[in-house]
Amino acid sequence: APPPVAKPETNREIHIPFVLSCVWIAGVVCMLAYTAISTHRLQKSLGTAIRLRDNIYESTAIDAPFVLGILKPHIYVPRGLDDETLTYVIAHEQSHIRRADHLWKPLGFLLLTVHWFNPVLWYAYILLCGDIELACDARAVKQFGDAERADYSEVLLAYSAKHRHMISACPIAFGEADVTERVQAVLYDKKSAPIRVVCALIAVTAAAVCFLTQPND
């Protein structure tokens with residue numbers, strides 16, 4: 001009788017690096033898709049916005065002021081704000097644009113997207129967003145007196161309750177970040193915020209570089 005033919009063994013070895021790479025790519029795609037979809041929906045809702053002046057628009061579709069756009073940032077405010085409140089929110093959002101926060105925040109989010117699996121980057125990004133707001137407040141209130149600083153703080157409190165605290169690249173909203181710390185910084189003229197922004201950016205970049213570097217075998 002002829003000898004039995006041996007069946008080839010099925011290679012069931014799982015390639016861990018390949019699987020992890022697929023998971024990482026899927027995470028990056030999800031982060032980018034979330035940002036693109038949410039930004040598109042927001043831009044679509046702003047189609048009926050009315051231009052007040054320059055790059056400032058008024059809309060009934062929003063309930064909190066924010067800056068939207070990278071190359072050509074626009075300021076959007078809710079319709080019906082009184083003149084005093086409008087002065088404060090515009091001063092704040094214009095400070096964002098002068099400081100190029102509409103560029104720094106997406107850059108930080110890009111690093112977060114690449115390293116979405118790293119909790120250190122998530123924490124660093126949250127700190128970055130908070131320190132951006134602190135530094136912006138510090139710059140905006142330089143033009144105001146003590147009484148106006150108190151009014152500015154009241155506006156912060158009012159819009160912090162309306163703003164949804166979400167991790168995203170844009171927009172840069174007036175009421176985001178820890179409002180308690182921001183009010184204290186405004187009232188006590190905290191001058192360390194710009195330094196903290198630089199430190200946060202360095203921390204985010206350093207963490208990203210460390211995780212991009214592969215150890216030698």
# chains A, B, ... in the order shown; residues from 1 in each chain; ligands from 1
$ residues_around --residues "Gly47 (chain A)" --least-positions-apart "6" --cutoff "12 Å" --atoms "only C-alpha atoms" --output "PyMOL selection string"
chain A and resi 40-41+57-62+76
$ select_by_dssp --residues "region 38-160 of chain A" --states "strand (DSSP E)" --output "list in words"
Ile50, Arg51, Leu52, Arg53, Ile56, Tyr57, Glu58, Ser59, Phe66, Val67, Leu68, His74, Ile75, Tyr76, Val77 and Pro78 of chain A
$ atom_distance --atom1 "CA of Pro65 (chain A)" --atom2 "CA of Asp151 (chain A)"
16.4 Å
$ select_by_dssp --residues "region 27-96 of chain A" --states "helix (DSSP H, G or I)" --output "MDAnalysis selection string"
chainID A and resid 27:48 83:96
$ write_last_selection --atoms "C-alpha atoms" --output "PDB file, in the first residue's frame"
ATOM      1  CA  GLY A  27      -7.185  54.400  15.685  1.00  0.00           C
ATOM      2  CA  VAL A  28      -5.573  57.157  13.613  1.00  0.00           C
ATOM      3  CA  VAL A  29      -8.260  56.832  10.934  1.00  0.00           C
ATOM      4  CA  CYS A  30     -11.016  57.041  13.559  1.00  0.00           C
ATOM      5  CA  MET A  31      -9.490  60.161  15.110  1.00  0.00           C
ATOM      6  CA  LEU A  32      -9.143  61.874  11.730  1.00  0.00           C
ATOM      7  CA  ALA A  33     -12.635  60.826  10.644  1.00  0.00           C
ATOM      8  CA  TYR A  34     -14.155  62.135  13.869  1.00  0.00           C
ATOM      9  CA  THR A  35     -12.439  65.495  13.425  1.00  0.00           C
ATOM     10  CA  ALA A  36     -13.403  65.793   9.755  1.00  0.00           C
ATOM     11  CA  ILE A  37     -17.051  64.859  10.325  1.00  0.00           C
ATOM     12  CA  SER A  38     -17.563  67.062  13.383  1.00  0.00           C
ATOM     13  CA  THR A  39     -15.884  70.030  11.696  1.00  0.00           C
ATOM     14  CA  HIS A  40     -17.961  69.548   8.523  1.00  0.00           C
ATOM     15  CA  ARG A  41     -21.182  69.441  10.529  1.00  0.00           C
ATOM     16  CA  LEU A  42     -20.225  72.578  12.401  1.00  0.00           C
ATOM     17  CA  GLN A  43     -19.332  74.444   9.215  1.00  0.00           C
ATOM     18  CA  LYS A  44     -22.607  73.347   7.649  1.00  0.00           C
ATOM     19  CA  SER A  45     -24.577  74.699  10.615  1.00  0.00           C
ATOM     20  CA  LEU A  46     -22.809  78.047  10.211  1.00  0.00           C
ATOM     21  CA  GLY A  47     -24.022  78.491   6.640  1.00  0.00           C
ATOM     22  CA  THR A  48     -26.581  81.086   7.739  1.00  0.00           C
ATOM     23  CA  ASP A  83     -22.374  95.227  23.464  1.00  0.00           C
ATOM     24  CA  GLU A  84     -20.426  94.656  26.699  1.00  0.00           C
ATOM     25  CA  THR A  85     -20.390  90.869  26.386  1.00  0.00           C
ATOM     26  CA  LEU A  86     -19.523  91.151  22.698  1.00  0.00           C
ATOM     27  CA  THR A  87     -16.523  93.320  23.572  1.00  0.00           C
ATOM     28  CA  TYR A  88     -15.146  90.724  25.974  1.00  0.00           C
ATOM     29  CA  VAL A  89     -15.638  87.675  23.779  1.00  0.00           C
ATOM     30  CA  ILE A  90     -14.192  89.389  20.704  1.00  0.00           C
ATOM     31  CA  ALA A  91     -11.164  90.550  22.688  1.00  0.00           C
ATOM     32  CA  HIS A  92     -10.626  86.967  23.811  1.00  0.00           C
ATOM     33  CA  GLU A  93     -11.026  85.368  20.392  1.00  0.00           C
ATOM     34  CA  GLN A  94      -8.863  88.006  18.712  1.00  0.00           C
ATOM     35  CA  SER A  95      -6.147  87.198  21.233  1.00  0.00           C
ATOM     36  CA  HIS A  96      -6.359  83.566  20.124  1.00  0.00           C
TER      37      HIS A  96
END
$ closest_residue --among "A:Asp82, A:Glu181, A:Glu133, A:Asp63" --to "Ile97 (chain A)" --atoms "only C-alpha atoms"
A:Glu133
$ closest_residue --among "A:Trp24, A:Tyr188, A:Tyr123, A:Phe109" --to "Ala150 (chain A)" --atoms "only C-alpha atoms"
A:Tyr188
$ atom_distance --atom1 "CA of Leu111 (chain A)" --atom2 "CA of Phe18 (chain A)"
21.9 Å
$ atom_distance --atom1 "CA of Asn55 (chain A)" --atom2 "CA of His74 (chain A)"
5.1 Å
$ closest_residue --among "A:Leu128, A:Val77, A:Val120, A:Ala26" --to "Gly108 (chain A)" --atoms "only C-alpha atoms"
A:Leu128
$ decode --residues "region 44-78 of chain A" --atoms "C-alpha atoms" --output "mmCIF file, in the first residue's frame"
data_model
loop_
_atom_site.group_PDB
_atom_site.id
_atom_site.type_symbol
_atom_site.label_atom_id
_atom_site.label_comp_id
_atom_site.auth_asym_id
_atom_site.auth_seq_id
_atom_site.Cartn_x
_atom_site.Cartn_y
_atom_site.Cartn_z
ATOM 1 C CA LYS A 44 -22.607 73.347 7.649
ATOM 2 C CA SER A 45 -24.577 74.699 10.615
ATOM 3 C CA LEU A 46 -22.809 78.047 10.211
ATOM 4 C CA GLY A 47 -24.022 78.491 6.640
ATOM 5 C CA THR A 48 -26.581 81.086 7.739
ATOM 6 C CA ALA A 49 -24.117 83.133 9.823
ATOM 7 C CA ILE A 50 -24.235 86.893 9.252
ATOM 8 C CA ARG A 51 -21.060 88.940 9.022
ATOM 9 C CA LEU A 52 -20.814 91.689 11.632
ATOM 10 C CA ARG A 53 -17.475 93.131 10.563
ATOM 11 C CA ASP A 54 -14.069 91.970 9.389
ATOM 12 C CA ASN A 55 -13.762 88.241 10.260
ATOM 13 C CA ILE A 56 -16.501 88.300 12.931
ATOM 14 C CA TYR A 57 -19.754 86.448 12.251
ATOM 15 C CA GLU A 58 -23.006 86.128 14.172
ATOM 16 C CA SER A 59 -25.075 82.944 14.149
ATOM 17 C CA THR A 60 -28.253 81.573 15.722
ATOM 18 C CA ALA A 61 -26.908 78.019 15.405
ATOM 19 C CA ILE A 62 -24.395 78.340 18.249
ATOM 20 C CA ASP A 63 -24.636 79.118 21.945
ATOM 21 C CA ALA A 64 -20.982 79.995 22.673
ATOM 22 C CA PRO A 65 -18.306 82.053 20.873
ATOM 23 C CA PHE A 66 -15.367 80.353 19.177
ATOM 24 C CA VAL A 67 -12.673 80.643 16.515
ATOM 25 C CA LEU A 68 -12.891 78.309 13.527
ATOM 26 C CA GLY A 69 -10.428 77.965 10.682
ATOM 27 C CA ILE A 70 -6.703 77.447 10.194
ATOM 28 C CA LEU A 71 -5.590 79.471 7.178
ATOM 29 C CA LYS A 72 -8.381 82.055 7.489
ATOM 30 C CA PRO A 73 -9.702 81.925 11.054
ATOM 31 C CA HIS A 74 -13.134 83.413 11.662
ATOM 32 C CA ILE A 75 -14.734 84.434 14.937
ATOM 33 C CA TYR A 76 -18.296 83.217 15.493
ATOM 34 C CA VAL A 77 -20.522 84.620 18.226
ATOM 35 C CA PRO A 78 -24.111 83.804 19.204
#
